[in-house]
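Structure data follow from entry.cif (mmCIF, C-alpha atoms):
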data_my_file
#
loop_
_atom_site.label_atom_id
_atom_site.label_comp_id
_atom_site.auth_asym_id
_atom_site.auth_seq_id
_atom_site.Cartn_x
_atom_site.Cartn_y
_atom_site.Cartn_z
CA MET A 1 -128.44 -38.21 73.54
CA THR A 2 -131.10 -40.78 72.61
CA LEU A 3 -130.13 -44.36 71.76
CA PHE A 4 -131.05 -43.93 68.09
CA GLU A 5 -129.05 -40.72 67.83
CA ALA A 6 -126.04 -42.29 69.55
CA ILE A 7 -126.09 -45.27 67.18
CA TRP A 8 -126.48 -43.41 63.87
CA LYS A 9 -123.93 -40.76 64.75
CA THR A 10 -121.26 -43.22 65.88
CA PHE A 11 -122.04 -45.50 62.93
CA ILE A 12 -121.31 -42.65 60.51
CA LEU A 13 -118.20 -41.59 62.43
CA GLY A 14 -117.01 -45.21 62.60
CA ALA A 15 -117.47 -45.71 58.87
CA VAL A 16 -115.67 -42.44 58.10
CA GLN A 17 -112.83 -43.23 60.54
CA GLY A 18 -112.40 -46.76 59.17
CA LEU A 19 -112.28 -45.61 55.55
CA THR A 20 -110.28 -42.42 55.90
CA GLU A 21 -107.67 -43.79 58.32
CA PHE A 22 -106.21 -45.80 55.46
CA LEU A 23 -107.45 -43.98 52.35
CA PRO A 24 -105.20 -40.97 51.60
CA VAL A 25 -107.75 -38.33 52.59
CA SER A 26 -107.02 -37.72 56.33
CA SER A 27 -109.20 -39.37 58.97
CA SER A 28 -108.47 -36.66 61.55
CA GLY A 29 -109.58 -33.97 59.10
CA HIS A 30 -112.84 -35.74 58.33
CA LEU A 31 -113.61 -36.44 61.98
CA THR A 32 -112.84 -32.84 62.94
CA LEU A 33 -115.27 -31.62 60.28
CA LEU A 34 -118.01 -34.15 61.05
CA GLN A 35 -117.79 -33.63 64.79
CA ARG A 36 -118.37 -29.91 64.22
CA VAL A 37 -121.47 -30.82 62.22
CA PHE A 38 -122.75 -33.27 64.86
CA GLY A 39 -122.01 -30.88 67.71
CA PHE A 40 -119.96 -33.15 69.96
CA ASP A 41 -118.56 -31.28 72.96
CA GLU A 42 -114.83 -31.47 73.73
CA ASN A 43 -115.11 -34.20 76.36
CA SER A 44 -117.41 -36.43 74.30
CA LEU A 45 -115.12 -35.86 71.33
CA MET A 46 -112.16 -37.25 73.27
CA PHE A 47 -113.98 -40.47 74.11
CA VAL A 48 -115.28 -40.90 70.54
CA ASN A 49 -111.77 -40.52 69.08
CA ILE A 50 -110.30 -43.07 71.46
CA MET A 51 -112.80 -45.79 70.65
CA LEU A 52 -112.88 -45.24 66.88
CA HIS A 53 -109.09 -45.38 66.68
CA PHE A 54 -109.19 -48.64 68.61
CA GLY A 55 -111.47 -50.04 65.89
CA THR A 56 -109.05 -49.15 63.09
CA LEU A 57 -106.16 -50.55 65.14
CA VAL A 58 -107.97 -53.88 65.23
CA SER A 59 -108.46 -53.88 61.44
CA VAL A 60 -104.81 -53.21 60.56
CA CYS A 61 -103.63 -55.85 63.03
CA ILE A 62 -105.95 -58.42 61.44
CA VAL A 63 -104.84 -57.70 57.85
CA PHE A 64 -101.11 -57.61 58.64
CA ARG A 65 -101.01 -60.20 61.44
CA LYS A 66 -98.35 -62.29 59.64
CA ASP A 67 -96.18 -59.25 58.93
CA ILE A 68 -96.51 -58.12 62.55
CA LEU A 69 -95.32 -61.50 63.81
CA ALA A 70 -92.43 -61.42 61.29
CA LEU A 71 -91.20 -58.17 62.86
CA PHE A 72 -90.06 -60.10 65.93
CA LYS A 73 -87.89 -62.57 64.04
CA LYS A 74 -84.17 -62.08 63.46
CA PRO A 75 -82.47 -59.94 62.21
CA PHE A 76 -85.18 -57.43 63.37
CA LYS A 77 -84.21 -54.91 60.67
CA THR A 78 -87.79 -54.04 59.71
CA LEU A 79 -88.73 -53.67 63.38
CA LEU A 80 -85.82 -51.27 63.96
CA MET A 81 -86.76 -49.24 60.87
CA LEU A 82 -90.36 -49.10 62.11
CA ILE A 83 -89.22 -47.79 65.50
CA VAL A 84 -86.99 -45.13 63.91
CA ALA A 85 -89.77 -44.09 61.51
CA THR A 86 -92.15 -43.64 64.45
CA VAL A 87 -89.87 -41.34 66.48
CA PRO A 88 -90.63 -38.06 64.61
CA ALA A 89 -94.40 -38.46 64.99
CA ALA A 90 -93.98 -39.46 68.65
CA VAL A 91 -91.89 -36.36 69.42
CA VAL A 92 -94.20 -33.97 67.58
CA GLY A 93 -97.26 -35.63 69.10
CA VAL A 94 -96.03 -35.31 72.69
CA LEU A 95 -94.81 -31.72 72.28
CA CYS A 96 -97.42 -30.23 69.98
CA ASN A 97 -100.59 -32.35 70.02
CA SER A 98 -102.54 -30.13 72.43
CA TYR A 99 -101.60 -26.98 70.48
CA ILE A 100 -102.68 -28.59 67.20
CA ASP A 101 -105.99 -29.71 68.71
CA ASP A 102 -106.67 -26.24 70.11
CA ALA A 103 -105.86 -24.56 66.79
CA PHE A 104 -108.17 -26.80 64.74
CA ALA A 105 -110.94 -26.59 67.31
CA GLY A 106 -110.79 -22.79 67.31
CA GLU A 107 -112.40 -20.14 65.14
CA LYS A 108 -109.94 -20.67 62.28
CA GLY A 109 -110.20 -24.46 62.41
CA LEU A 110 -112.12 -24.77 59.14
CA LEU A 111 -109.65 -22.52 57.35
CA TYR A 112 -106.74 -24.64 58.60
CA LEU A 113 -108.58 -27.78 57.47
CA ALA A 114 -109.10 -26.32 54.00
CA ILE A 115 -105.39 -25.54 53.66
CA CYS A 116 -104.32 -28.99 54.86
CA PHE A 117 -106.80 -30.81 52.61
CA SER A 118 -105.43 -28.88 49.62
CA LEU A 119 -101.84 -29.74 50.59
CA THR A 120 -102.74 -33.43 50.72
CA ALA A 121 -104.38 -33.14 47.28
CA LEU A 122 -101.16 -31.64 45.89
CA MET A 123 -99.06 -34.41 47.46
CA LEU A 124 -101.22 -37.08 45.87
CA LEU A 125 -100.93 -35.51 42.42
CA VAL A 126 -97.14 -35.40 42.75
CA THR A 127 -97.12 -38.99 44.02
CA GLU A 128 -98.99 -40.26 40.96
CA MET A 129 -96.80 -38.32 38.53
CA VAL A 130 -93.59 -39.61 40.13
CA ALA A 131 -94.86 -43.20 40.39
CA LYS A 132 -96.02 -43.33 36.76
CA ARG A 133 -92.68 -42.00 35.45
CA ARG A 134 -90.37 -44.04 37.68
CA LYS A 135 -88.93 -47.15 36.03
CA LYS A 136 -86.52 -48.34 38.70
CA HIS A 137 -87.30 -49.01 42.34
CA THR A 138 -85.18 -49.52 45.43
CA GLU A 139 -85.55 -51.89 48.34
CA LEU A 140 -86.96 -50.57 51.60
CA GLY A 141 -84.03 -49.03 53.49
CA TRP A 142 -83.14 -46.45 56.11
CA LYS A 143 -83.36 -43.50 53.68
CA ASN A 144 -86.88 -44.48 52.66
CA THR A 145 -88.14 -45.12 56.18
CA ILE A 146 -86.69 -41.94 57.69
CA SER A 147 -88.31 -39.79 55.02
CA MET A 148 -91.62 -41.61 55.55
CA GLY A 149 -91.30 -41.10 59.30
CA LEU A 150 -90.75 -37.36 58.91
CA MET A 151 -93.82 -37.04 56.70
CA GLN A 152 -95.87 -39.06 59.17
CA ALA A 153 -95.05 -36.41 61.78
CA VAL A 154 -96.38 -33.71 59.44
CA ALA A 155 -99.59 -35.73 59.14
CA LEU A 156 -100.45 -35.03 62.78
CA PHE A 157 -102.12 -31.90 61.44
CA PRO A 158 -105.79 -32.70 60.66
CA GLY A 159 -106.32 -32.61 56.90
CA ILE A 160 -102.83 -33.94 56.13
CA SER A 161 -103.31 -37.62 55.35
CA ARG A 162 -101.04 -40.01 57.23
CA SER A 163 -101.20 -42.71 54.56
CA GLY A 164 -101.01 -40.12 51.77
CA SER A 165 -97.95 -38.39 53.22
CA THR A 166 -96.03 -41.62 53.92
CA ILE A 167 -96.87 -43.00 50.47
CA PHE A 168 -95.73 -39.68 48.99
CA ALA A 169 -92.38 -39.86 50.81
CA GLY A 170 -91.85 -43.53 49.96
CA THR A 171 -92.72 -43.02 46.30
CA VAL A 172 -90.38 -40.04 45.92
CA ALA A 173 -87.64 -42.15 47.55
CA GLY A 174 -88.25 -44.85 44.94
CA THR A 175 -89.53 -47.62 47.19
CA LYS A 176 -91.04 -50.71 45.58
CA PRO A 177 -94.86 -50.34 45.68
CA GLU A 178 -95.52 -53.62 47.49
CA LYS A 179 -92.89 -52.86 50.17
CA LEU A 180 -94.13 -49.28 50.45
CA ALA A 181 -97.72 -50.38 51.00
CA LYS A 182 -96.95 -52.82 53.79
CA PHE A 183 -94.55 -50.54 55.62
CA SER A 184 -96.90 -47.56 55.38
CA PHE A 185 -99.69 -49.52 57.01
CA LEU A 186 -97.38 -51.05 59.63
CA MET A 187 -96.30 -47.49 60.51
CA SER A 188 -99.90 -46.70 61.41
CA ILE A 189 -99.93 -49.23 64.26
CA PRO A 190 -97.58 -47.47 66.74
CA VAL A 191 -99.03 -44.06 65.82
CA ILE A 192 -102.65 -45.14 66.35
CA LEU A 193 -101.65 -47.04 69.50
CA GLY A 194 -99.68 -44.05 70.80
CA GLY A 195 -102.60 -41.70 70.18
CA PHE A 196 -104.90 -44.19 71.89
CA VAL A 197 -102.66 -44.29 74.98
CA LEU A 198 -102.28 -40.49 75.16
CA GLU A 199 -106.02 -39.90 74.89
CA MET A 200 -106.76 -42.71 77.36
CA LYS A 201 -104.41 -41.00 79.81
CA ASP A 202 -106.65 -37.94 79.73
CA ILE A 203 -109.65 -40.16 80.45
CA ILE A 204 -108.01 -42.02 83.36
CA PHE A 205 -106.34 -38.93 84.81
CA PRO A 206 -108.68 -36.05 83.88
CA ASP A 207 -107.96 -32.48 84.86
CA GLU A 208 -110.47 -30.32 86.69
CA SER A 209 -112.10 -29.13 83.46
CA THR A 210 -112.74 -32.64 82.14
CA GLU A 211 -116.08 -34.19 82.90
CA LEU A 212 -116.96 -37.27 80.88
CA ILE A 213 -120.62 -38.21 80.66
CA CYS A 214 -120.99 -41.73 79.25
CA GLY A 215 -124.44 -43.16 79.75
CA THR A 216 -125.83 -46.45 78.48
CA ASN A 217 -126.84 -44.96 75.13
CA GLU A 218 -123.37 -43.52 74.53
CA ILE A 219 -121.69 -46.82 75.43
CA ILE A 220 -123.92 -48.78 73.04
CA GLY A 221 -123.21 -46.19 70.36
CA MET A 222 -119.47 -46.56 70.94
CA VAL A 223 -119.67 -50.35 70.50
CA VAL A 224 -121.41 -49.80 67.16
CA GLY A 225 -118.76 -47.22 66.21
CA VAL A 226 -115.82 -49.50 67.07
CA ILE A 227 -117.22 -52.45 65.10
CA THR A 228 -118.04 -50.19 62.16
CA ALA A 229 -114.57 -48.62 62.18
CA ALA A 230 -112.94 -52.07 62.24
CA ILE A 231 -115.02 -53.38 59.32
CA PHE A 232 -114.59 -50.32 57.11
CA GLY A 233 -110.91 -50.10 58.04
CA PHE A 234 -110.41 -53.69 56.86
CA LEU A 235 -112.09 -52.91 53.53
CA ALA A 236 -110.11 -49.67 53.10
CA ILE A 237 -106.78 -51.44 53.61
CA LYS A 238 -107.61 -54.10 51.03
CA PHE A 239 -108.66 -51.40 48.58
CA MET A 240 -105.56 -49.25 49.16
CA LEU A 241 -103.20 -52.17 48.56
CA LYS A 242 -104.59 -52.30 45.01
CA VAL A 243 -104.50 -48.51 44.60
CA ILE A 244 -100.83 -48.29 45.62
CA SER A 245 -99.83 -51.01 43.18
CA LYS A 246 -101.44 -49.00 40.34
CA ALA A 247 -100.46 -45.55 41.69
CA ASN A 248 -103.89 -44.11 40.87
CA TYR A 249 -104.39 -41.18 43.27
CA LYS A 250 -105.91 -38.44 41.11
CA TRP A 251 -109.50 -39.16 42.15
CA PHE A 252 -108.56 -38.83 45.81
CA SER A 253 -106.88 -35.54 44.93
CA CYS A 254 -110.00 -34.25 43.16
CA TYR A 255 -112.14 -35.20 46.15
CA LEU A 256 -109.82 -33.35 48.53
CA VAL A 257 -109.88 -30.22 46.38
CA LEU A 258 -113.70 -30.22 46.56
CA LEU A 259 -113.55 -30.82 50.31
CA SER A 260 -111.05 -27.99 50.73
CA LEU A 261 -113.30 -25.60 48.80
CA THR A 262 -116.24 -26.66 50.95
CA CYS A 263 -114.29 -25.86 54.13
CA PHE A 264 -113.28 -22.46 52.71
CA TRP A 265 -116.93 -21.76 51.91
CA LEU A 266 -118.16 -22.87 55.35
CA ASP A 267 -115.51 -20.70 57.01
CA ALA A 268 -116.31 -17.66 54.87
CA LEU A 269 -120.03 -17.91 55.66
CA ALA A 270 -119.34 -18.76 59.33
CA ILE A 271 -121.74 -21.71 59.12
CA LEU A 272 -119.82 -23.99 61.49
#
As structure tokens, how would this structure be written, given the file I've shared?
Amino acid sequence: MTLFEAIWKTFILGAVQGLTEFLPVSSSGHLTLLQRVFGFDENSLMFVNIMLHFGTLVSVCIVFRKDILALFKKPFKTLLMLIVATVPAAVVGVLCNSYIDDAFAGEKGLLYLAICFSLTALMLLVTEMVAKRRKKHTELGWKNTISMGLMQAVALFPGISRSGSTIFAGTVAGTKPEKLAKFSFLMSIPVILGGFVLEMKDIIFPDESTELICGTNEIIGMVVGVITAAIFGFLAIKFMLKVISKANYKWFSCYLVLLSLTCFWLDALAIL
């Protein structure tokens, strides 16, 4: 890969990762689709995912640095709720992550993406309808966080938005929008960090079939991708905080419907 190619490809992937990690449109779904288009092999794909997720981890830590520090102050209730909410995704990730990756990287991957994108679109429509009709809200509690944690586990499937699914669960449970927004984004930290650690494990302890080729051009490209993901992630979080307060998700839903139809079309014509 030439230096120019490495930079422009990772710049696009970084921008997409940064935006879609926090917008309710599924970052994993977008990266899976784009990486098919760009023709990354499986080993390069692993390294790209690791570094781009690190960039978005940086952005969420910067925006919510005060809230993160507050987690470690007594009585630690929010920290405990965050841990409990992370357990379902952790269990599903450890047990099923390789099977999910194989399924979406296979021949029917585009079809699975189309289905998951459409499911996310439906969730967002329901979220807006419920939010606009609800007049009373509840404080963030165990019922809210457990339901959000279960939906976050479902979002391990590419095309199912993590932020969209947790916001859906929190909205249906009646959580106050401002509390819902912060907790949803805080939930992303252990999940992104966990995914980072699991993928890094495969890099540090590769099996016989794993051969990573990371030349100077690829490393420079990755630096560009990480910085890009961090910047766009920061902007996406700020934007989503406003979106959640107004519960305006229909345009995201329309976009996902179009993306789902595109994936169906690409699968039917066997283009990718």
Can you list every residue of region 107-140 of chain A that has an atom at most 8 Å from region 238-249 of chain A, with its nearest atom pair and the distance in Å to one decimal, using all atoms listed in the file, ordered by chain then number, as CSV?
residue,atom,partner,partner_atom,distance
A:Leu124,CA,A:Tyr249,CA,5.8
A:Leu125,CA,A:Tyr249,CA,6.7
A:Thr127,CA,A:Tyr249,CA,7.6
A:Glu128,CA,A:Ala247,CA,5.5
A:Ala131,CA,A:Ala247,CA,6.2
A:Lys132,CA,A:Ala247,CA,7.0
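The space separating CA of Gly164 (chain A) from CA of Pro88 (chain A) comes to 16.6 Å.
Distances from A:Leu235, A:Ala90, A:Met148, A:Val224 to Leu19 (chain A) were compared using all atoms listed in the file, and the smallest one belongs to A:Leu235.
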### Message
Suppose a student applies the PyMOL selection byres ((chain A and resi 140) around 7) to this structure; what residues should they get, written as a ChimeraX atom specification?
### Response
/A:138-139,141,144,175,179
Fewer than 2 positions away in the same chain doesn't count, so skip those; otherwise give me all residues within 10 Å of Ile115 (chain A), counting all atoms listed in the file, as a PDB file with C-alpha atoms, keeping the file's coordinate frame.
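And here is the file that came out, out-v7.pdb:
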ATOM      1  CA  LEU A 110    -112.120 -24.770  59.140  1.00  0.00           C
ATOM      2  CA  LEU A 111    -109.650 -22.520  57.350  1.00  0.00           C
ATOM      3  CA  TYR A 112    -106.740 -24.640  58.600  1.00  0.00           C
ATOM      4  CA  LEU A 113    -108.580 -27.780  57.470  1.00  0.00           C
ATOM      5  CA  PHE A 117    -106.800 -30.810  52.610  1.00  0.00           C
ATOM      6  CA  SER A 118    -105.430 -28.880  49.620  1.00  0.00           C
ATOM      7  CA  LEU A 119    -101.840 -29.740  50.590  1.00  0.00           C
ATOM      8  CA  THR A 120    -102.740 -33.430  50.720  1.00  0.00           C
ATOM      9  CA  ALA A 121    -104.380 -33.140  47.280  1.00  0.00           C
ATOM     10  CA  GLY A 159    -106.320 -32.610  56.900  1.00  0.00           C
ATOM     11  CA  ILE A 160    -102.830 -33.940  56.130  1.00  0.00           C
ATOM     12  CA  VAL A 257    -109.880 -30.220  46.380  1.00  0.00           C
ATOM     13  CA  SER A 260    -111.050 -27.990  50.730  1.00  0.00           C
ATOM     14  CA  LEU A 261    -113.300 -25.600  48.800  1.00  0.00           C
ATOM     15  CA  CYS A 263    -114.290 -25.860  54.130  1.00  0.00           C
ATOM     16  CA  PHE A 264    -113.280 -22.460  52.710  1.00  0.00           C
TER      17      PHE A 264
END
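The interatomic distance for the pair CA of Phe104 (chain A) and CA of Val191 (chain A) works out to 19.6 Å.
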### Message
So that I can check the surroundings of Met81 (chain A), please list as a count of residues only every protein, DNA and RNA residue that reaches within 8 Å of it, counting all atoms listed in the file and ignoring chain neighbours fewer than 2 positions away.
### Response
10
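Of the listed residues A:Pro158, A:Gly170, A:Pro190, A:Gly29, the one whose atoms come nearest to Ile100 (chain A) is A:Pro158, with distances taken using all atoms listed in the file.
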### Message
Assuming the chain letters and numbering stay as they are in my file, what does the PyMOL selection byres ((chain A and resi 55) around 10) actually select? List them as an NGL selection string.
### Response
:A and (14 or 17-18 or 50-54 or 56-60 or 223 or 225-234)
### Message
Assuming the chain letters and numbering stay as they are in my file, what does the PyMOL selection byres ((chain A and resi 22) around 6) actually select? List them as a VMD selection string.
### Response
chain A and resid 20 to 21 23 163 236 to 237
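Selection around (-95.3, -39.1, 56.2) with radius 6 Å, counting all atoms listed in the file, yields the residues Met148, Gly149, Leu150, Met151, Gln152, Arg162, Ser165 and Thr166 of chain A.
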